[in-house]
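Data block below; observations after.
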Amino acid sequence: MTSLAGAAARGAAHTLLAQFLRFAIQFGALMILARLLTPADYGTVALVTAITGLALLLADFGLSSAAIQAREITHQQKSNLFWLNTVVGVLVSIVVFFAAYPISWFYGRPELVQVAQALSVVFLLYAVTAQFRAEASKALRFKAMAIADVSAQLLSFAAAIVAAIFGATYWALVLQQVLSAFLLLIFLWVASRWTPTWPSRNSSIRSFISFGVNNLGVQLVTYASNNIDSVLIGRFWGVEQLGLYSRAYQLYRLPLQQLAAPMTRVAFPVLSKIEDDATFQRYVRQAQLLQTYVIGGVFFAATALCSPLVEIVLGPEWDETKSLFAILAIGGVFQTLGYVYYWVFLSKALTGMQLRYTLLSRSLMIALMFAGVPWGAIGVAIGMTIGLLLNWAILTFRAMPRAGLAPRPMVVAAARPVALYTVMLLITAPVICLTWDLAPWWQVLAILPTMSAVLLVAYLTVPAIRVDVADVLRMAKRGRR
C-alpha cells in the first residue's frame, strides 16, 4: 500500500505540473485570442459545442472508465472495447455531420452548418483515443499522459493563434479543437505502449458495457445541466450575450479542467485498487482536503480578483463578464467538492446509484437555470451556482452513507478551508470595493497582499489549519520521490 501511495502522490505531482503548464498555455492563448476575435466569434462556436459536445460523451460510451475500474481485463477484451468505441465514434460523427442542418435551423444561423460538420470529426478522434487513455491510466503512466496533454494543448493553440492573426475568425477556434483531438490521439497511443488486435467474439465485454451504460447516463445528465445554460442564453438572448457568458464560463472552468478533472486520472485508478474500507476512507478524506485547499482556494481568489482578472485576460470590452465570472466561481467551490464523490462512485462500481442521485440533483439544477432565464445570463449563472450547492449537499448527506462512507470526515476536511477562504473574502471585500475603478494591475497589487495577510494570520493562530497544511505538504513531498 505504501508503493500505491507513492504512485498516487507521484501521479498527482506529474498531473498537477502538467495542468499548471496547460493552464498557462490556455490562459495565454485566451488573452491573445480574446484580442484577435470578437464575442460573436466565440458565441458562434459555443452555439454548436453546447449541443454537439453531447456527442463526445456518446463516443466514449463510458467504456474507458469501465476498463480502468476492472480488477482483471485481458488484452483481447481491451481490443474489443477499442473497436466498440471506434464504431460508436463513427456513428456519432455521422449523426453530428447531418445534425448540422437542424442545429443551424434551431438558432437561425446558416454558418453553423459548416462549423458543426467540421467539428464532427472530433468525436471519432476522441472515441479512438478513449482506450489508449484508459490503458495509460490503468498502468499509472501519469508522466507520459501529462506530456501528451501539454503537447497537444500547446501545438493546437499555437495553430489557432496563427489562424486568427491571418483573419480566420471563428474558424481559428474550430481548428484548435480538431487539431487538439488529433494530436492527443497520436500522443496517447505512444504513451499507452499498447496496440489493439482485431476484435474477437471469444472475449465477452458485457460487464464492461453494463458499467459503461450507467456511467454514460451520469455523464449525459451532468452534461445537460452543464450546457443547458449556453443553449438557453443563445436561444433567448443571442450570440453577443452568449459570447460574453461563454468567456466567463471558460475562465470558471479553467481550474476544473486543468486541476480537478485531470486528478481523476490519478485518483480513479488508485482508489480502484484499494480493498480495505478504512484505507479507502482515509484516501478519500485526503483527496477532499487537497482539492478544497488548492482548487477551492483558486476559486475564492478568482472571486476576489474577478474584475482585474477579466480585464487583464480578455480586455476592457468584456466588462459584462466580471459579475458572471464571480457568480460562477462561487459555484465552482461546490463543484470541486463534488469531484471526490465522482471518484468514489466509479472506483466502487456504483454507477447505478450515481445515476439515480445525479438525475435528482441535476434536474434541480436545470430547473433553477430555466427559472433564471428572464434575468438573462446573470439569472442563469445564479441558478447554476445554487444547483451546484444542492448537488453537493445531496451527495454528501444522502449518497455517501449508502456508498459506505461516513460524511463527517469529508465535511470536516472541507469545512476548515471553506471557512478560512470565506473569512478571507469578507475581509478583502472593502479593498475590492475601494479599488474597483483603478487600473487592473493596481487592483491586483492591493487585493493579493490583503488575502495573503489574512491567510498568514490564520496559519499562525489556528493550529488545525497548520495541521491541514502539513498534510497537504506531506502529500506533495511524496509526489517528488
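Letters for chains follow the order of the C-alpha cells (A, B, ...), residue numbers begin at 1 for each chain, and ligand numbers begin at 1 in the order shown.
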Considering only C-alpha atoms, tabulate each residue of segment 325-383 of chain A that lies at most 12 Å from segment 414-428 of chain A along with its nearest interatomic pair and the corresponding distance in Å to one decimal; arrange the rows by chain and ascending residue number and present them as JSON lines.
{"residue": "A:Ala326", "atom": "CA", "partner": "A:Leu425", "partner_atom": "CA", "distance": 11.9}
{"residue": "A:Ile330", "atom": "CA", "partner": "A:Thr422", "partner_atom": "CA", "distance": 10.4}
{"residue": "A:Val333", "atom": "CA", "partner": "A:Val418", "partner_atom": "CA", "distance": 8.4}
{"residue": "A:Phe334", "atom": "CA", "partner": "A:Val418", "partner_atom": "CA", "distance": 9.8}
{"residue": "A:Thr336", "atom": "CA", "partner": "A:Ala414", "partner_atom": "CA", "distance": 10.2}
{"residue": "A:Leu337", "atom": "CA", "partner": "A:Ala414", "partner_atom": "CA", "distance": 7.5}
{"residue": "A:Gly338", "atom": "CA", "partner": "A:Ala414", "partner_atom": "CA", "distance": 10.8}
{"residue": "A:Val340", "atom": "CA", "partner": "A:Ala414", "partner_atom": "CA", "distance": 11.1}
Open item on the list: Env of segment 182-190 of chain A: 6 Å cut, atoms = only C-alpha atoms, seq-sep filter 5 positions within chain, self excluded. Answer as number ranges by chain.
Closed with: A: 129, 132, 148, 152
Export of prior selection with N, CA and C atoms as a compact mmCIF listing (two decimals), in the first residue's frame:
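Result written to result-v5.txt:
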# COMPACT_ATOMS: atom_id res chain seq x y z
N THR A 129 -9.40 7.54 -29.20
CA THR A 129 -8.42 7.84 -28.14
C THR A 129 -8.78 7.21 -26.81
N PHE A 132 -6.84 4.17 -25.40
CA PHE A 132 -5.41 4.46 -25.21
C PHE A 132 -5.21 5.22 -23.90
N ALA A 148 1.69 14.19 -23.06
CA ALA A 148 0.78 14.15 -24.20
C ALA A 148 -0.24 15.29 -24.15
N ALA A 152 -0.27 18.47 -26.91
CA ALA A 152 -1.44 18.69 -27.77
C ALA A 152 -2.03 20.07 -27.56
TODO: Rounded to one decimal place, report the atom CA of Phe208 of chain A-atom CA of Ile73 of chain A distance in Å.
DONE: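 Straight-line distance from atom CA of Phe208 of chain A to atom CA of Ile73 of chain A works out to 9.7 Å.
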Open item on the list: Based on the backbone DSSP call, show me all residues of segment 358-463 of chain A assigned alpha helix (DSSP H), as a PyMOL selection string.
Closed with: chain A and resi 358-372+376-394+400-402+407-434+440-461+463
Task: Nearest-residue call for Leu346 of chain A, choices A:Val239, A:Val310, A:Leu216, A:Ala278, using only C-alpha atoms - done: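 Checking each of A:Val239, A:Val310, A:Leu216, A:Ala278 against Leu346 of chain A, counting only C-alpha atoms, the winner is A:Leu216.
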Under the rule of at most 8 Å, produce a per-residue listing of segment 65-169 of chain A near segment 25-41 of chain A: chain, number, name, the closest pair of atoms, and the distance in Å, as CSV, using only C-alpha atoms.
residue,atom,partner,partner_atom,distance
A:Gln153,CA,A:Ile25,CA,7.3
A:Leu154,CA,A:Ile25,CA,6.3
A:Phe157,CA,A:Ala29,CA,6.3
A:Ala158,CA,A:Ala29,CA,7.8
A:Ile161,CA,A:Leu33,CA,6.4
A:Ala164,CA,A:Leu36,CA,6.3
A:Ile165,CA,A:Leu36,CA,6.8
A:Thr169,CA,A:Leu37,CA,6.1
With N, CA, C and O atoms retained, write the just-selected residues as a PDB file, in the first residue's frame.
ATOM      1  N   GLN A 153      -2.082  20.498 -26.297  1.00  0.00           N
ATOM      2  CA  GLN A 153      -2.632  21.816 -25.980  1.00  0.00           C
ATOM      3  C   GLN A 153      -1.780  22.925 -26.592  1.00  0.00           C
ATOM      4  O   GLN A 153      -2.292  23.851 -27.222  1.00  0.00           O
ATOM      5  N   LEU A 154      -0.488  22.836 -26.420  1.00  0.00           N
ATOM      6  CA  LEU A 154       0.415  23.879 -26.898  1.00  0.00           C
ATOM      7  C   LEU A 154       0.356  24.017 -28.418  1.00  0.00           C
ATOM      8  O   LEU A 154       0.202  25.124 -28.950  1.00  0.00           O
ATOM      9  N   PHE A 157      -3.197  25.333 -29.768  1.00  0.00           N
ATOM     10  CA  PHE A 157      -3.441  26.750 -29.511  1.00  0.00           C
ATOM     11  C   PHE A 157      -2.516  27.631 -30.359  1.00  0.00           C
ATOM     12  O   PHE A 157      -2.926  28.701 -30.811  1.00  0.00           O
ATOM     13  N   ALA A 158      -1.293  27.180 -30.564  1.00  0.00           N
ATOM     14  CA  ALA A 158      -0.390  27.936 -31.437  1.00  0.00           C
ATOM     15  C   ALA A 158      -0.964  28.039 -32.839  1.00  0.00           C
ATOM     16  O   ALA A 158      -0.936  29.114 -33.472  1.00  0.00           O
ATOM     17  N   ILE A 161      -3.881  30.568 -32.867  1.00  0.00           N
ATOM     18  CA  ILE A 161      -3.433  31.968 -32.822  1.00  0.00           C
ATOM     19  C   ILE A 161      -2.940  32.418 -34.192  1.00  0.00           C
ATOM     20  O   ILE A 161      -3.270  33.515 -34.661  1.00  0.00           O
ATOM     21  N   ALA A 164      -5.929  32.931 -36.387  1.00  0.00           N
ATOM     22  CA  ALA A 164      -6.660  34.156 -36.040  1.00  0.00           C
ATOM     23  C   ALA A 164      -5.929  35.399 -36.539  1.00  0.00           C
ATOM     24  O   ALA A 164      -6.564  36.366 -36.988  1.00  0.00           O
ATOM     25  N   ILE A 165      -4.612  35.386 -36.476  1.00  0.00           N
ATOM     26  CA  ILE A 165      -3.826  36.529 -36.972  1.00  0.00           C
ATOM     27  C   ILE A 165      -4.083  36.755 -38.463  1.00  0.00           C
ATOM     28  O   ILE A 165      -4.148  37.895 -38.938  1.00  0.00           O
ATOM     29  N   THR A 169     -11.154  34.240 -38.134  1.00  0.00           N
ATOM     30  CA  THR A 169     -12.321  34.463 -37.259  1.00  0.00           C
ATOM     31  C   THR A 169     -12.629  33.196 -36.453  1.00  0.00           C
ATOM     32  O   THR A 169     -11.721  32.589 -35.897  1.00  0.00           O
TER      33      THR A 169
END
Task: Residue nearest Phe123 of chain A - candidates A:His75, A:Ile147, A:Arg356, A:Gln177, atoms counted: only C-alpha atoms - done: A:Gln177
Open item on the list: Considering only C-alpha atoms, can you say which of A:Val431, A:Trp198, A:Leu256, A:Arg398 comes closest to Leu445 of chain A?
Closed with: A:Val431
- [ ] For segment 402-407 of chain A, please output as a ChimeraX atom specification all residues within 8 Å (counting only C-alpha atoms; exclusion window: fewer than 3 positions along the same chain).
- [x] /A:281,344-345,350,396-399,410-411
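With distances restricted to only C-alpha atoms, A:Tyr126 is the closest residue to Val178 of chain A from A:Tyr126, A:Trp392, A:Phe325, A:Phe211.
If you count only C-alpha atoms and ignore residues fewer than 2 places along the chain from Met145 of chain A, what sits within 9 Å of it is Thr15, Ala18, Arg133, Ala136, Ser137, Arg141, Phe142, Lys143, Ile147, Ala148, Asp149, Val150, Phe187, Leu188, Ala191 and Ser192 of chain A.
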Open item on the list: Need to verify the contact set: Pro102 of chain A, 12 Å, only C-alpha atoms, exclusion of same-chain residues closer than 2 positions in sequence. Can you return it as a PyMOL selection string?
Closed with: chain A and resi 48+51-52+95-100+104-110+112-113+116-117
Kindly save the residues from that selection, with C-alpha atoms included, as a PDB file, in the first residue's frame.
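Output contents, as saved in result-v3.pdb:
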ATOM      1  CA  VAL A  48     -22.518  24.402 -31.796  1.00  0.00           C
ATOM      2  CA  ILE A  51     -25.179  20.809 -28.407  1.00  0.00           C
ATOM      3  CA  THR A  52     -22.567  18.676 -30.158  1.00  0.00           C
ATOM      4  CA  VAL A  95     -25.090  11.856 -36.837  1.00  0.00           C
ATOM      5  CA  VAL A  96     -23.403  15.167 -35.941  1.00  0.00           C
ATOM      6  CA  PHE A  97     -22.495  15.806 -39.590  1.00  0.00           C
ATOM      7  CA  PHE A  98     -26.130  15.590 -40.690  1.00  0.00           C
ATOM      8  CA  ALA A  99     -27.454  17.213 -37.492  1.00  0.00           C
ATOM      9  CA  ALA A 100     -25.659  20.388 -38.607  1.00  0.00           C
ATOM     10  CA  SER A 104     -28.468  25.783 -37.925  1.00  0.00           C
ATOM     11  CA  TRP A 105     -32.260  25.995 -38.210  1.00  0.00           C
ATOM     12  CA  PHE A 106     -32.734  25.994 -34.407  1.00  0.00           C
ATOM     13  CA  TYR A 107     -30.557  29.088 -33.992  1.00  0.00           C
ATOM     14  CA  GLY A 108     -31.411  30.674 -37.336  1.00  0.00           C
ATOM     15  CA  ARG A 109     -27.747  30.973 -38.367  1.00  0.00           C
ATOM     16  CA  PRO A 110     -26.753  29.286 -41.670  1.00  0.00           C
ATOM     17  CA  LEU A 112     -23.385  26.880 -38.248  1.00  0.00           C
ATOM     18  CA  VAL A 113     -23.800  24.100 -40.834  1.00  0.00           C
ATOM     19  CA  ALA A 116     -20.831  21.648 -36.986  1.00  0.00           C
ATOM     20  CA  GLN A 117     -19.737  19.488 -39.912  1.00  0.00           C
TER      21      GLN A 117
END
Residues of segment 322-357 of chain A that have any atom at most 8 Å from an atom of segment 385-390 of chain A: could you tabulate them with the shortest-distance atom pair and the distance in Å to one decimal, using only C-alpha atoms, ordered by chain and increasing number, as JSON lines?
{"residue": "A:Ile327", "atom": "CA", "partner": "A:Thr385", "partner_atom": "CA", "distance": 7.0}
{"residue": "A:Leu328", "atom": "CA", "partner": "A:Thr385", "partner_atom": "CA", "distance": 6.2}
{"residue": "A:Ile330", "atom": "CA", "partner": "A:Thr385", "partner_atom": "CA", "distance": 6.9}
{"residue": "A:Gly331", "atom": "CA", "partner": "A:Thr385", "partner_atom": "CA", "distance": 4.2}
{"residue": "A:Gly332", "atom": "CA", "partner": "A:Thr385", "partner_atom": "CA", "distance": 7.7}
{"residue": "A:Phe334", "atom": "CA", "partner": "A:Leu389", "partner_atom": "CA", "distance": 5.6}
{"residue": "A:Gln335", "atom": "CA", "partner": "A:Leu388", "partner_atom": "CA", "distance": 6.0}
Convert the current residue selection to file output with N, CA and C atoms, as a CSV table (one decimal), in the first residue's frame.
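That gives us part_23.csv:
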chain,number,residue,atom,x,y,z
A,327,ILE,N,-19.9,35.0,-9.9
A,327,ILE,CA,-21.0,34.1,-9.5
A,327,ILE,C,-20.7,32.6,-9.8
A,328,LEU,N,-20.1,32.4,-11.0
A,328,LEU,CA,-19.8,31.0,-11.4
A,328,LEU,C,-18.6,30.5,-10.6
A,330,ILE,N,-18.0,31.1,-7.4
A,330,ILE,CA,-18.6,30.6,-6.1
A,330,ILE,C,-19.1,29.2,-6.3
A,331,GLY,N,-19.9,29.0,-7.4
A,331,GLY,CA,-20.4,27.6,-7.7
A,331,GLY,C,-19.3,26.6,-7.9
A,332,GLY,N,-18.1,27.1,-8.4
A,332,GLY,CA,-17.0,26.2,-8.7
A,332,GLY,C,-16.5,25.6,-7.4
A,334,PHE,N,-18.2,24.4,-4.9
A,334,PHE,CA,-19.1,23.3,-4.6
A,334,PHE,C,-18.9,22.2,-5.6
A,335,GLN,N,-18.6,22.6,-6.9
A,335,GLN,CA,-18.3,21.5,-7.9
A,335,GLN,C,-17.0,20.8,-7.6
Who sits within 8 Å of Leu124 of chain A, only C-alpha atoms, same chain under 2 positions skipped, as a PDB file with N, CA, C and O atoms, in the first residue's frame:
ATOM      1  N   ALA A  59     -19.484   9.110 -27.746  1.00  0.00           N
ATOM      2  CA  ALA A  59     -18.362   8.450 -28.422  1.00  0.00           C
ATOM      3  C   ALA A  59     -17.549   7.602 -27.451  1.00  0.00           C
ATOM      4  O   ALA A  59     -17.084   6.513 -27.796  1.00  0.00           O
ATOM      5  N   THR A  86     -14.658   2.691 -31.406  1.00  0.00           N
ATOM      6  CA  THR A  86     -14.455   3.217 -32.752  1.00  0.00           C
ATOM      7  C   THR A  86     -15.746   3.199 -33.559  1.00  0.00           C
ATOM      8  O   THR A  86     -16.086   4.174 -34.244  1.00  0.00           O
ATOM      9  N   GLY A  89     -17.936   5.873 -32.318  1.00  0.00           N
ATOM     10  CA  GLY A  89     -17.424   7.161 -32.762  1.00  0.00           C
ATOM     11  C   GLY A  89     -17.776   7.470 -34.198  1.00  0.00           C
ATOM     12  O   GLY A  89     -18.134   8.612 -34.539  1.00  0.00           O
ATOM     13  N   VAL A  90     -17.708   6.467 -35.066  1.00  0.00           N
ATOM     14  CA  VAL A  90     -18.089   6.662 -36.471  1.00  0.00           C
ATOM     15  C   VAL A  90     -19.562   7.037 -36.576  1.00  0.00           C
ATOM     16  O   VAL A  90     -19.940   7.983 -37.290  1.00  0.00           O
ATOM     17  N   VAL A  92     -21.537   8.345 -34.258  1.00  0.00           N
ATOM     18  CA  VAL A  92     -21.789   9.667 -33.672  1.00  0.00           C
ATOM     19  C   VAL A  92     -21.337  10.774 -34.618  1.00  0.00           C
ATOM     20  O   VAL A  92     -22.029  11.786 -34.800  1.00  0.00           O
ATOM     21  N   SER A  93     -20.181  10.608 -35.246  1.00  0.00           N
ATOM     22  CA  SER A  93     -19.678  11.618 -36.182  1.00  0.00           C
ATOM     23  C   SER A  93     -20.629  11.794 -37.360  1.00  0.00           C
ATOM     24  O   SER A  93     -20.879  12.923 -37.810  1.00  0.00           O
ATOM     25  N   SER A 120     -17.491  17.590 -36.511  1.00  0.00           N
ATOM     26  CA  SER A 120     -17.971  16.213 -36.383  1.00  0.00           C
ATOM     27  C   SER A 120     -16.824  15.206 -36.315  1.00  0.00           C
ATOM     28  O   SER A 120     -16.953  14.149 -35.687  1.00  0.00           O
ATOM     29  N   VAL A 121     -15.694  15.524 -36.948  1.00  0.00           N
ATOM     30  CA  VAL A 121     -14.563  14.589 -36.931  1.00  0.00           C
ATOM     31  C   VAL A 121     -13.953  14.449 -35.538  1.00  0.00           C
ATOM     32  O   VAL A 121     -13.328  13.432 -35.215  1.00  0.00           O
ATOM     33  N   VAL A 122     -14.144  15.461 -34.700  1.00  0.00           N
ATOM     34  CA  VAL A 122     -13.583  15.426 -33.343  1.00  0.00           C
ATOM     35  C   VAL A 122     -14.108  14.227 -32.559  1.00  0.00           C
ATOM     36  O   VAL A 122     -13.378  13.598 -31.791  1.00  0.00           O
ATOM     37  N   TYR A 126     -11.873  11.379 -30.602  1.00  0.00           N
ATOM     38  CA  TYR A 126     -11.949  11.135 -29.160  1.00  0.00           C
ATOM     39  C   TYR A 126     -12.366   9.696 -28.857  1.00  0.00           C
ATOM     40  O   TYR A 126     -11.906   9.098 -27.871  1.00  0.00           O
ATOM     41  N   ALA A 127     -13.233   9.126 -29.678  1.00  0.00           N
ATOM     42  CA  ALA A 127     -13.652   7.747 -29.469  1.00  0.00           C
ATOM     43  C   ALA A 127     -12.477   6.792 -29.627  1.00  0.00           C
ATOM     44  O   ALA A 127     -12.292   5.867 -28.826  1.00  0.00           O
ATOM     45  N   VAL A 128     -11.657   7.014 -30.645  1.00  0.00           N
ATOM     46  CA  VAL A 128     -10.494   6.164 -30.877  1.00  0.00           C
ATOM     47  C   VAL A 128      -9.475   6.342 -29.757  1.00  0.00           C
ATOM     48  O   VAL A 128      -8.772   5.399 -29.370  1.00  0.00           O
TER      49      VAL A 128
END
